[in-house]
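Raw contents of start_26.tsv, TSV, C-alpha atoms:
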```tsv
chain	number	residue	atom	x	y	z
J	1	MET	CA	201.51	113.83	56.13
J	2	ALA	CA	201.12	112.21	59.51
J	3	THR	CA	197.90	112.54	61.48
J	4	VAL	CA	198.10	113.43	65.17
J	5	ILE	CA	195.38	111.83	67.30
J	6	VAL	CA	194.89	112.59	70.96
J	7	VAL	CA	193.22	110.06	73.25
J	8	THR	CA	191.66	112.14	75.98
J	9	SER	CA	188.80	112.20	78.50
J	10	GLY	CA	189.24	114.67	81.31
J	11	LYS	CA	188.40	112.07	83.91
J	12	GLY	CA	190.93	109.48	85.00
J	13	GLY	CA	190.52	105.73	84.93
J	14	VAL	CA	188.08	105.61	82.03
J	15	GLY	CA	190.36	103.73	79.64
J	16	LYS	CA	192.57	106.28	77.89
J	17	THR	CA	195.76	104.28	78.08
J	18	THR	CA	194.00	101.00	77.27
J	19	THR	CA	192.45	102.71	74.25
J	20	SER	CA	195.73	104.38	73.19
J	21	ALA	CA	197.59	101.06	73.35
J	22	SER	CA	194.96	99.12	71.42
J	23	PHE	CA	194.25	101.87	68.90
J	24	ALA	CA	197.94	102.35	68.07
J	25	THR	CA	198.48	98.59	67.89
J	26	GLY	CA	195.49	98.23	65.56
J	27	LEU	CA	196.73	100.95	63.22
J	28	ALA	CA	200.18	99.36	63.08
J	29	GLN	CA	198.72	95.89	62.45
J	30	ARG	CA	196.99	97.34	59.43
J	31	GLY	CA	200.29	98.46	58.03
J	32	TYR	CA	200.49	102.08	59.15
J	33	ARG	CA	203.67	103.30	60.76
J	34	THR	CA	202.43	104.32	64.17
J	35	VAL	CA	203.97	105.85	67.28
J	36	VAL	CA	202.15	106.17	70.58
J	37	ILE	CA	203.36	108.83	73.01
J	38	ASP	CA	202.72	108.83	76.76
J	39	PHE	CA	202.07	112.43	77.86
J	40	ASP	CA	201.55	111.53	81.51
J	41	VAL	CA	204.81	112.94	82.84
J	42	GLY	CA	205.46	111.64	86.35
J	43	LEU	CA	202.89	108.85	86.13
J	44	ARG	CA	203.91	106.83	83.12
J	45	ASN	CA	201.86	103.71	82.50
J	46	LEU	CA	201.60	103.21	78.78
J	47	ASP	CA	204.84	101.21	78.90
J	48	LEU	CA	203.26	98.75	81.35
J	49	ILE	CA	200.09	98.36	79.31
J	50	MET	CA	202.20	97.81	76.19
J	51	GLY	CA	204.47	95.39	78.05
J	52	CYS	CA	207.71	97.24	77.35
J	53	GLU	CA	208.40	98.73	80.78
J	54	ARG	CA	211.77	97.03	81.10
J	55	ARG	CA	213.02	98.40	77.83
J	56	VAL	CA	212.67	102.09	78.69
J	57	VAL	CA	216.04	103.84	78.53
J	58	TYR	CA	215.33	107.39	77.43
J	59	ASP	CA	211.98	109.13	77.52
J	60	PHE	CA	209.95	111.96	76.04
J	61	VAL	CA	211.46	114.60	78.32
J	62	ASN	CA	215.00	113.42	77.58
J	63	VAL	CA	214.30	114.08	73.92
J	64	ILE	CA	212.75	117.49	74.62
J	65	ASN	CA	215.83	118.43	76.67
J	66	ASN	CA	218.16	117.14	73.95
J	67	GLU	CA	219.62	114.54	76.30
J	68	ALA	CA	218.77	111.81	73.82
J	69	ASN	CA	217.57	111.67	70.25
J	70	LEU	CA	214.33	110.13	69.08
J	71	ASN	CA	215.92	106.94	67.80
J	72	GLN	CA	217.37	106.29	71.22
J	73	SER	CA	214.10	106.79	73.03
J	74	LEU	CA	211.58	105.15	70.70
J	75	ILE	CA	210.82	101.58	71.74
J	76	ARG	CA	210.02	99.25	68.90
J	77	ASP	CA	207.18	96.88	69.72
J	78	LYS	CA	208.22	93.24	69.66
J	79	ARG	CA	204.88	91.82	68.58
J	80	VAL	CA	203.64	94.22	65.94
J	81	GLU	CA	205.65	95.67	63.11
J	82	ASN	CA	205.48	99.42	62.45
J	83	LEU	CA	204.65	100.15	66.09
J	84	TYR	CA	206.77	102.36	68.35
J	85	ILE	CA	206.29	103.67	71.88
J	86	LEU	CA	207.66	106.92	73.26
J	87	PRO	CA	207.46	106.61	77.05
J	88	ALA	CA	206.79	109.45	79.45
J	89	SER	CA	209.35	110.56	81.95
J	90	GLN	CA	208.86	109.18	85.43
J	91	THR	CA	210.85	111.67	87.44
J	92	ARG	CA	210.82	115.12	85.87
J	93	ASP	CA	208.35	117.82	86.75
J	94	LYS	CA	205.41	118.53	84.48
J	95	ASP	CA	206.82	121.86	83.30
J	96	ALA	CA	209.26	119.84	81.23
J	97	LEU	CA	206.62	119.61	78.51
J	98	THR	CA	206.98	122.87	76.64
J	99	LYS	CA	204.90	123.74	73.62
J	100	GLU	CA	208.05	124.33	71.58
J	101	GLY	CA	209.61	121.05	72.70
J	102	VAL	CA	206.50	119.01	71.95
J	103	GLU	CA	206.11	120.70	68.58
J	104	ARG	CA	209.72	119.98	67.64
J	105	ILE	CA	209.34	116.28	68.45
J	106	LEU	CA	205.98	115.93	66.69
J	107	THR	CA	207.43	117.62	63.61
J	108	GLU	CA	210.31	115.18	63.60
J	109	LEU	CA	208.00	112.19	64.13
J	110	LYS	CA	205.76	113.31	61.29
J	111	GLN	CA	208.62	112.62	58.89
J	112	GLY	CA	208.65	108.91	59.65
J	113	PHE	CA	205.15	108.00	60.77
J	114	ASP	CA	201.61	107.85	59.42
J	115	TYR	CA	199.89	108.14	62.78
J	116	ILE	CA	200.99	109.76	66.02
J	117	VAL	CA	198.77	108.74	68.94
J	118	CYS	CA	199.02	110.99	72.01
J	119	ASP	CA	197.93	109.32	75.25
J	120	SER	CA	196.74	112.20	77.42
J	121	PRO	CA	196.94	112.28	81.20
J	122	ALA	CA	193.72	112.87	83.15
J	123	GLY	CA	192.74	116.38	84.14
J	124	ILE	CA	193.10	119.65	82.29
J	125	GLU	CA	196.59	120.59	83.38
J	126	ARG	CA	199.64	121.15	81.23
J	127	GLY	CA	200.19	117.51	80.22
J	128	ALA	CA	196.61	117.15	79.03
J	129	LEU	CA	196.68	120.50	77.24
J	130	MET	CA	199.96	119.62	75.51
J	131	ALA	CA	198.62	116.21	74.46
J	132	LEU	CA	195.64	117.79	72.70
J	133	TYR	CA	197.19	121.03	71.48
J	134	PHE	CA	198.64	119.69	68.21
J	135	ALA	CA	195.86	117.15	67.53
J	136	ASP	CA	194.13	116.75	64.17
J	137	GLU	CA	191.64	114.27	65.59
J	138	ALA	CA	190.54	113.29	69.08
J	139	LEU	CA	189.27	110.06	70.60
J	140	VAL	CA	187.21	111.14	73.59
J	141	VAL	CA	187.03	108.14	75.91
J	142	THR	CA	183.89	108.20	78.04
J	143	ASN	CA	182.28	105.80	80.51
J	144	PRO	CA	178.48	105.67	80.78
J	145	GLU	CA	178.58	107.48	84.09
J	146	VAL	CA	177.76	111.08	85.07
J	147	SER	CA	181.18	112.41	86.03
J	148	SER	CA	182.87	110.93	82.98
J	149	VAL	CA	180.27	112.35	80.59
J	150	ARG	CA	180.49	115.78	82.15
J	151	ASP	CA	184.29	115.78	81.99
J	152	SER	CA	184.19	114.66	78.38
J	153	ASP	CA	181.98	117.62	77.56
J	154	ARG	CA	184.48	119.87	79.26
J	155	ILE	CA	187.31	118.39	77.20
J	156	LEU	CA	185.28	118.90	74.02
J	157	GLY	CA	185.04	122.57	74.97
J	158	ILE	CA	188.80	122.74	75.44
J	159	LEU	CA	189.42	121.02	72.09
J	160	ALA	CA	187.19	123.60	70.46
J	161	SER	CA	188.88	126.60	72.07
J	162	ARG	CA	192.43	125.78	73.12
J	163	SER	CA	193.84	123.44	70.49
J	164	ARG	CA	196.24	124.78	67.88
J	165	ARG	CA	193.57	124.31	65.23
J	166	ALA	CA	191.16	126.44	67.24
J	167	GLU	CA	193.74	129.11	67.97
J	168	GLN	CA	194.78	129.39	64.34
J	169	GLY	CA	191.25	129.30	63.01
J	170	GLU	CA	191.81	126.11	61.03
J	171	ASN	CA	189.31	123.29	60.60
J	172	PRO	CA	188.36	122.09	64.08
J	173	VAL	CA	189.81	118.94	65.65
J	174	LYS	CA	187.77	115.97	64.42
J	175	GLU	CA	186.06	114.39	67.42
J	176	HIS	CA	185.22	110.73	67.96
J	177	LEU	CA	183.42	109.20	70.91
J	178	VAL	CA	184.74	105.98	72.42
J	179	LEU	CA	182.25	104.64	74.95
J	180	ALA	CA	184.18	102.28	77.18
J	181	ARG	CA	183.18	99.92	80.01
J	182	TYR	CA	179.70	99.58	78.60
J	183	ALA	CA	177.38	96.99	80.11
J	184	PRO	CA	174.36	96.56	77.81
J	185	GLU	CA	172.35	94.56	80.31
J	186	ARG	CA	172.67	97.31	82.92
J	187	ALA	CA	171.74	99.95	80.36
J	188	ASP	CA	168.74	97.82	79.40
J	189	ARG	CA	167.62	97.69	83.01
J	190	GLY	CA	167.84	101.45	83.21
J	191	ASP	CA	170.69	101.36	85.70
J	192	MET	CA	173.28	102.75	83.31
J	193	LEU	CA	173.27	105.54	80.73
J	194	SER	CA	172.69	103.98	77.31
J	195	VAL	CA	174.77	104.56	74.18
J	196	ASP	CA	171.97	106.80	72.87
J	197	ASP	CA	171.83	108.79	76.11
J	198	VAL	CA	175.54	109.58	75.96
J	199	LEU	CA	175.39	110.37	72.24
J	200	GLU	CA	172.48	112.71	72.82
J	201	ILE	CA	174.30	114.59	75.55
J	202	LEU	CA	177.73	114.85	73.94
J	203	GLY	CA	176.60	115.15	70.34
J	204	ILE	CA	179.73	113.79	68.65
J	205	PRO	CA	179.99	110.79	66.30
J	206	LEU	CA	180.40	107.37	67.89
J	207	LEU	CA	183.58	105.55	66.88
J	208	GLY	CA	183.16	102.50	69.06
J	209	VAL	CA	181.57	100.92	72.09
J	210	ILE	CA	183.94	98.84	74.22
J	211	PRO	CA	182.04	96.43	76.47
J	212	GLU	CA	183.01	96.03	80.10
J	213	SER	CA	185.17	92.94	80.03
J	214	SER	CA	187.42	91.03	82.38
J	215	THR	CA	189.80	90.52	79.45
J	216	VAL	CA	190.86	94.18	79.69
J	217	LEU	CA	192.28	93.63	83.17
J	218	GLN	CA	193.79	90.29	82.23
J	219	SER	CA	195.57	91.72	79.23
J	220	SER	CA	196.87	94.70	81.19
J	221	ASN	CA	198.13	92.21	83.80
J	222	ALA	CA	200.09	90.56	81.02
J	223	GLY	CA	201.18	93.78	79.26
J	224	VAL	CA	199.39	92.88	76.04
J	225	PRO	CA	197.14	95.46	74.35
J	226	VAL	CA	193.65	94.00	74.53
J	227	ILE	CA	193.16	94.39	70.78
J	228	LEU	CA	195.56	91.46	70.36
J	229	GLU	CA	193.08	89.26	72.26
J	230	ASP	CA	190.86	89.22	69.23
J	231	SER	CA	188.69	86.38	70.47
J	232	SER	CA	187.51	88.56	73.36
J	233	GLU	CA	184.64	91.03	73.04
J	234	ALA	CA	186.80	93.99	74.02
J	235	GLY	CA	189.48	92.98	71.53
J	236	ALA	CA	186.90	92.59	68.77
J	237	ALA	CA	185.37	95.94	69.68
J	238	TYR	CA	188.76	97.66	69.39
J	239	ASN	CA	189.40	95.98	66.05
J	240	ASP	CA	186.07	97.31	64.78
J	241	LEU	CA	186.92	100.73	66.15
J	242	VAL	CA	190.21	100.87	64.24
J	243	ASP	CA	188.55	99.70	61.03
J	244	ARG	CA	185.85	102.33	61.44
J	245	PHE	CA	188.49	104.98	62.04
J	246	LEU	CA	190.12	103.97	58.77
J	247	GLY	CA	186.83	104.41	56.94
J	248	LYS	CA	185.08	101.01	57.06
J	249	ALA	CA	181.35	101.23	57.70
J	250	LEU	CA	180.81	98.59	60.37
J	251	PRO	CA	177.69	98.25	62.51
J	252	HIS	CA	178.23	98.76	66.23
J	253	ARG	CA	178.42	95.56	68.23
J	254	PHE	CA	178.16	94.84	71.95
J	255	THR	CA	175.57	97.56	72.42
J	256	SER	CA	172.70	95.22	73.23
J	257	ILE	CA	172.38	92.11	75.36
J	258	GLN	CA	174.14	89.09	73.92
J	259	LYS	CA	172.12	85.96	74.37
J	260	LYS	CA	174.57	83.42	75.67
J	261	GLY	CA	174.34	79.92	74.32
J	262	PHE	CA	173.98	76.97	76.64
J	263	LEU	CA	177.64	75.97	76.46
J	264	LYS	CA	178.85	79.52	76.93
J	265	ARG	CA	176.60	79.92	79.94
J	266	LEU	CA	177.95	76.72	81.33
J	267	PHE	CA	181.61	77.43	80.78
J	268	GLY	CA	181.61	81.24	80.84
J	269	GLY	CA	183.64	83.29	78.48
J	270	GLY	CA	183.55	86.65	76.87
N	1	MET	CA	163.15	108.49	108.36
N	2	MET	CA	161.34	110.77	105.98
N	3	GLY	CA	163.57	109.55	103.18
N	4	LEU	CA	162.65	106.00	103.97
N	5	PHE	CA	158.96	106.81	103.92
N	6	GLU	CA	159.19	108.74	100.71
N	7	ASN	CA	161.00	105.91	99.04
N	8	PHE	CA	158.37	103.53	100.23
N	9	PHE	CA	155.35	105.37	98.97
N	10	ARG	CA	156.67	107.01	95.86
N	11	ALA	CA	155.02	105.81	92.68
N	12	PRO	CA	157.19	103.45	90.56
N	13	PRO	CA	160.82	104.42	91.29
N	14	ARG	CA	162.51	106.24	88.43
N	15	LYS	CA	165.32	104.40	86.81
N	16	SER	CA	168.61	105.91	87.87
N	17	ALA	CA	169.89	106.18	84.28
N	18	ALA	CA	166.99	108.48	83.39
N	19	LEU	CA	167.86	110.62	86.37
N	20	ALA	CA	171.52	110.66	85.36
N	21	LYS	CA	170.61	111.75	81.85
N	22	GLU	CA	168.35	114.54	83.05
N	23	ARG	CA	170.96	115.86	85.51
N	24	LEU	CA	173.65	115.71	82.87
N	25	GLN	CA	171.57	117.53	80.30
N	26	ILE	CA	171.01	120.36	82.72
N	27	ILE	CA	174.58	120.72	83.97
N	28	VAL	CA	176.12	120.30	80.52
N	29	ALA	CA	173.79	122.90	79.00
N	30	HIS	CA	174.63	125.25	81.83
N	31	GLU	CA	178.37	124.76	81.50
N	32	ARG	CA	178.27	125.09	77.73
N	33	GLY	CA	176.25	128.27	78.12
N	34	SER	CA	178.84	129.89	80.34
N	35	ARG	CA	181.58	128.77	77.96
N	36	ARG	CA	179.90	130.24	74.94
N	37	SER	CA	178.72	133.47	76.47
N	38	SER	CA	182.28	134.55	77.05
N	39	PRO	CA	184.22	133.86	73.89
N	40	ASP	CA	187.97	134.33	73.84
N	41	TYR	CA	187.84	137.74	72.18
N	42	LEU	CA	185.64	139.29	74.85
N	43	PRO	CA	188.44	140.49	77.18
N	44	THR	CA	190.34	142.06	74.28
N	45	LEU	CA	187.18	143.67	72.95
N	46	LYS	CA	186.53	145.13	76.37
N	47	LYS	CA	190.06	146.50	76.63
N	48	GLU	CA	189.95	148.10	73.20
N	49	LEU	CA	186.52	149.60	73.79
N	50	LEU	CA	187.85	151.06	77.02
N	51	GLU	CA	190.73	152.67	75.16
N	52	VAL	CA	188.43	154.21	72.56
N	53	VAL	CA	186.02	155.64	75.14
N	54	ARG	CA	188.92	157.01	77.16
N	55	LYS	CA	189.92	159.19	74.27
N	56	TYR	CA	186.83	161.26	75.01
N	57	VAL	CA	185.66	160.48	78.53
N	58	PRO	CA	187.75	159.45	81.56
N	59	ILE	CA	186.40	156.11	82.69
N	60	ASP	CA	187.98	153.07	84.24
N	61	GLN	CA	187.60	149.34	83.71
N	62	SER	CA	184.78	148.97	86.21
N	63	GLN	CA	182.60	151.43	84.33
N	64	ILE	CA	182.43	149.36	81.20
N	65	LYS	CA	180.41	146.15	81.03
N	66	VAL	CA	180.44	143.87	78.04
N	67	HIS	CA	178.06	140.96	77.94
N	68	LEU	CA	177.24	138.48	75.23
N	69	ASP	CA	173.90	136.71	75.28
N	70	ARG	CA	172.40	134.03	73.15
N	71	GLU	CA	168.74	134.15	72.32
N	72	GLY	CA	167.08	131.87	69.85
N	73	GLY	CA	169.23	131.90	66.74
N	74	TYR	CA	171.19	135.08	67.37
N	75	GLU	CA	173.64	136.65	69.76
N	76	ILE	CA	173.22	139.95	71.54
N	77	LEU	CA	176.26	141.97	72.49
N	78	GLU	CA	175.32	144.17	75.40
N	79	LEU	CA	177.58	147.12	76.07
N	80	ASN	CA	177.10	149.23	79.16
N	81	ILE	CA	179.25	152.26	79.85
N	82	THR	CA	178.68	154.31	82.95
N	83	LEU	CA	179.81	157.87	82.37
N	84	PRO	CA	181.21	159.77	85.33
N	85	ASP	CA	179.51	162.81	86.91
N	86	GLU	CA	179.45	166.10	85.07
N	87	GLU	CA	182.10	167.62	87.39
N	88	GLN	CA	184.58	164.84	86.82
N	89	ARG	CA	183.97	165.02	83.12
N	90	LEU	CA	184.84	168.72	83.00
N	91	SER	CA	188.28	168.04	84.45
N	92	PRO	CA	190.83	166.95	81.82
N	93	PRO	CA	191.07	163.22	81.07
N	94	ARG	CA	193.48	161.44	83.37
N	95	GLN	CA	196.83	160.47	82.01
N	96	ASN	CA	197.05	156.79	81.10
N	97	GLY	CA	193.42	156.43	81.96
N	98	GLY	CA	193.87	156.21	85.72
N	99	ALA	CA	192.82	152.79	86.92
N	100	GLY	CA	194.93	149.82	86.03
N	101	VAL	CA	193.67	147.18	83.67
```

Exercise: express the given structure as structure tokens:
Amino acid sequence: MATVIVVTSGKGGVGKTTTSASFATGLAQRGYRTVVIDFDVGLRNLDLIMGCERRVVYDFVNVINNEANLNQSLIRDKRVENLYILPASQTRDKDALTKEGVERILTELKQGFDYIVCDSPAGIERGALMALYFADEALVVTNPEVSSVRDSDRILGILASRSRRAEQGENPVKEHLVLARYAPERADRGDMLSVDDVLEILGIPLLGVIPESSTVLQSSNAGVPVILEDSSEAGAAYNDLVDRFLGKALPHRFTSIQKKGFLKRLFGGG
Amino acid sequence: MMGLFENFFRAPPRKSAALAKERLQIIVAHERGSRRSSPDYLPTLKKELLEVVRKYVPIDQSQIKVHLDREGGYEILELNITLPDEEQRLSPPRQNGGAGV
């Protein structure tokens, strides 16, 4: 049976789509049939981050409206086997996402996939609610910054009360914290909330810490999920995160200051 | 100007992260509190209680207050029903309960 995972945050710009792209890519690299769905109707971006924007023909809403079938709208990733992208619609209104329509498509996808990753839009409107409604697990992407932490707490409340699992009294959605854009040296100076601060406030298990890294922007420029840049810190952090999600007990990295060697200091990097 | 002075003479400036944490703890606790004190079933409970009481006494929605509080390890459900004056009570109960829900 496929597992549905929502990547959510409440606040915008914290790294949901970056995380969705890398997480889905990582799962597929490890041999799991994975589909990543963009729920941001009207503002689709997952296709750009995944580098398949020119291959979009039919989208999520087309499938919901029976204007295309799933096979026509799923984009098969060219780099990683087992990885498919279902893009969001760019033009339709947000009401196009109906609970029944989303359920029908997820049910169909569950037949052929191991993991269904739902990339949520920001906010707590319909798109975000639909992205989390059917979730079995949730990656809550948070930045070490007050508004992001507060919004994440709000989203945790919504997961606990308005998801299908909550409504039907089933086991709650399993929550994971992804702390993104972390700068250990700033946290050390006391200028940024530390990993422990955020954990103490939100009280959910930490799946991974993604360090602030210029590679994230560079890879989004190129349309390559940053997890494929495995020599970069962010790429390595996402690889760890996926392994941890799949049950490996790995220590958290990039949470304290890395002492740079002489050569690295001279030539930069990271 | 005052701000400038205060900043100047204040004993070692607090790190902003500590301030952020403290503010977050307060606002998050507050927001969680308001979430939890009104669980999803509360409106339905209120409606059903209203229906039961109306079988005997004519009251409307505004005369029934349901409040859930958390104290230590347990929850307290506070139910407050204001009964109408004697005169009103002697007249027969209103059809359909009167006030809209």

Residues within 9 Å of N:Leu42, only C-alpha atoms, excluding chain neighbours under 5 positions, as a count of residues only: 4

Minimum-distance residue to chain J, chosen among N:Gly33, N:Pro43, N:Pro84, N:Pro58 (using only C-alpha atoms): N:Gly33

Between atom CA of J:Gly123 and atom CA of J:Asp153, distance in Å (one decimal):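 Answer for the atom CA of J:Gly123 to atom CA of J:Asp153 separation: 12.7 Å.
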
Under the rule of at most 6 Å, produce a per-residue listing of chain N near chain J: chain, number, name, the closest pair of atoms, and the distance in Å, as JSON lines, using all atoms listed in the file.
```
{"residue": "N:Lys15", "atom": "CA", "partner": "J:Gly190", "partner_atom": "CA", "distance": 5.3}
{"residue": "N:Ser16", "atom": "CA", "partner": "J:Asp191", "partner_atom": "CA", "distance": 5.5}
{"residue": "N:Ala17", "atom": "CA", "partner": "J:Met192", "partner_atom": "CA", "distance": 4.9}
```

J:Ile105, J:Val178, J:Ile116, J:Val224 ranked by distance to J:Gly15, top pick (using all atoms listed in the file):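 Of J:Ile105, J:Val178, J:Ile116, J:Val224, the one nearest J:Gly15, counting all atoms listed in the file, is J:Val178.
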
Who sits within 12 Å of J:Pro87, only C-alpha atoms, same chain under 5 positions skipped, as a ChimeraX atom specification: /J:17,21,35-63,70,72-76,118-119

If you keep C-alpha atoms, can you produce a file of those selected residues as a PDB file, keeping the file's coordinate frame?
```pdb
ATOM      1  CA  THR J  17     195.760 104.280  78.080  1.00  0.00           C
ATOM      2  CA  ALA J  21     197.590 101.060  73.350  1.00  0.00           C
ATOM      3  CA  VAL J  35     203.970 105.850  67.280  1.00  0.00           C
ATOM      4  CA  VAL J  36     202.150 106.170  70.580  1.00  0.00           C
ATOM      5  CA  ILE J  37     203.360 108.830  73.010  1.00  0.00           C
ATOM      6  CA  ASP J  38     202.720 108.830  76.760  1.00  0.00           C
ATOM      7  CA  PHE J  39     202.070 112.430  77.860  1.00  0.00           C
ATOM      8  CA  ASP J  40     201.550 111.530  81.510  1.00  0.00           C
ATOM      9  CA  VAL J  41     204.810 112.940  82.840  1.00  0.00           C
ATOM     10  CA  GLY J  42     205.460 111.640  86.350  1.00  0.00           C
ATOM     11  CA  LEU J  43     202.890 108.850  86.130  1.00  0.00           C
ATOM     12  CA  ARG J  44     203.910 106.830  83.120  1.00  0.00           C
ATOM     13  CA  ASN J  45     201.860 103.710  82.500  1.00  0.00           C
ATOM     14  CA  LEU J  46     201.600 103.210  78.780  1.00  0.00           C
ATOM     15  CA  ASP J  47     204.840 101.210  78.900  1.00  0.00           C
ATOM     16  CA  LEU J  48     203.260  98.750  81.350  1.00  0.00           C
ATOM     17  CA  ILE J  49     200.090  98.360  79.310  1.00  0.00           C
ATOM     18  CA  MET J  50     202.200  97.810  76.190  1.00  0.00           C
ATOM     19  CA  GLY J  51     204.470  95.390  78.050  1.00  0.00           C
ATOM     20  CA  CYS J  52     207.710  97.240  77.350  1.00  0.00           C
ATOM     21  CA  GLU J  53     208.400  98.730  80.780  1.00  0.00           C
ATOM     22  CA  ARG J  54     211.770  97.030  81.100  1.00  0.00           C
ATOM     23  CA  ARG J  55     213.020  98.400  77.830  1.00  0.00           C
ATOM     24  CA  VAL J  56     212.670 102.090  78.690  1.00  0.00           C
ATOM     25  CA  VAL J  57     216.040 103.840  78.530  1.00  0.00           C
ATOM     26  CA  TYR J  58     215.330 107.390  77.430  1.00  0.00           C
ATOM     27  CA  ASP J  59     211.980 109.130  77.520  1.00  0.00           C
ATOM     28  CA  PHE J  60     209.950 111.960  76.040  1.00  0.00           C
ATOM     29  CA  VAL J  61     211.460 114.600  78.320  1.00  0.00           C
ATOM     30  CA  ASN J  62     215.000 113.420  77.580  1.00  0.00           C
ATOM     31  CA  VAL J  63     214.300 114.080  73.920  1.00  0.00           C
ATOM     32  CA  LEU J  70     214.330 110.130  69.080  1.00  0.00           C
ATOM     33  CA  GLN J  72     217.370 106.290  71.220  1.00  0.00           C
ATOM     34  CA  SER J  73     214.100 106.790  73.030  1.00  0.00           C
ATOM     35  CA  LEU J  74     211.580 105.150  70.700  1.00  0.00           C
ATOM     36  CA  ILE J  75     210.820 101.580  71.740  1.00  0.00           C
ATOM     37  CA  ARG J  76     210.020  99.250  68.900  1.00  0.00           C
ATOM     38  CA  CYS J 118     199.020 110.990  72.010  1.00  0.00           C
ATOM     39  CA  ASP J 119     197.930 109.320  75.250  1.00  0.00           C
TER      40      ASP J 119
END
```

Atom-to-atom span, atom CA of J:Pro211 and atom CA of J:Tyr182, Å: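 Here the two named atoms are 4.5 Å from each other.
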
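Atom CA of N:Gln63 lies 5.1 Å from atom CA of N:Thr82.
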
Near-J:Ala135 list (7 Å; only C-alpha atoms; drop same-chain fewer than 4 positions) as a PyMOL selection string: chain J and resi 4-6+173

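Checking J:Thr19, J:Asn71, J:Thr34, J:Ser9 one by one against J:Gly208, counting all atoms listed in the file, you find the shortest gap at J:Thr19.
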
When you look at J:Ala234 with a cut-off of 8 Å (counting all atoms listed in the file), what residues show up, excluding the ones that are within fewer than 2 positions of it in the same chain? I need them as a short mmCIF file (atom, residue, chain, number, x, y, z; two decimals) with C-alpha atoms, in the coordinates of the input.
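Output saved as out.cif:
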```cif
data_model
loop_
_atom_site.label_atom_id
_atom_site.label_comp_id
_atom_site.auth_asym_id
_atom_site.auth_seq_id
_atom_site.Cartn_x
_atom_site.Cartn_y
_atom_site.Cartn_z
CA ILE J 210 183.94 98.84 74.22
CA PRO J 211 182.04 96.43 76.47
CA GLU J 212 183.01 96.03 80.10
CA SER J 213 185.17 92.94 80.03
CA THR J 215 189.80 90.52 79.45
CA VAL J 216 190.86 94.18 79.69
CA VAL J 226 193.65 94.00 74.53
CA ILE J 227 193.16 94.39 70.78
CA ASP J 230 190.86 89.22 69.23
CA SER J 232 187.51 88.56 73.36
CA ALA J 236 186.90 92.59 68.77
CA ALA J 237 185.37 95.94 69.68
CA TYR J 238 188.76 97.66 69.39
#
```
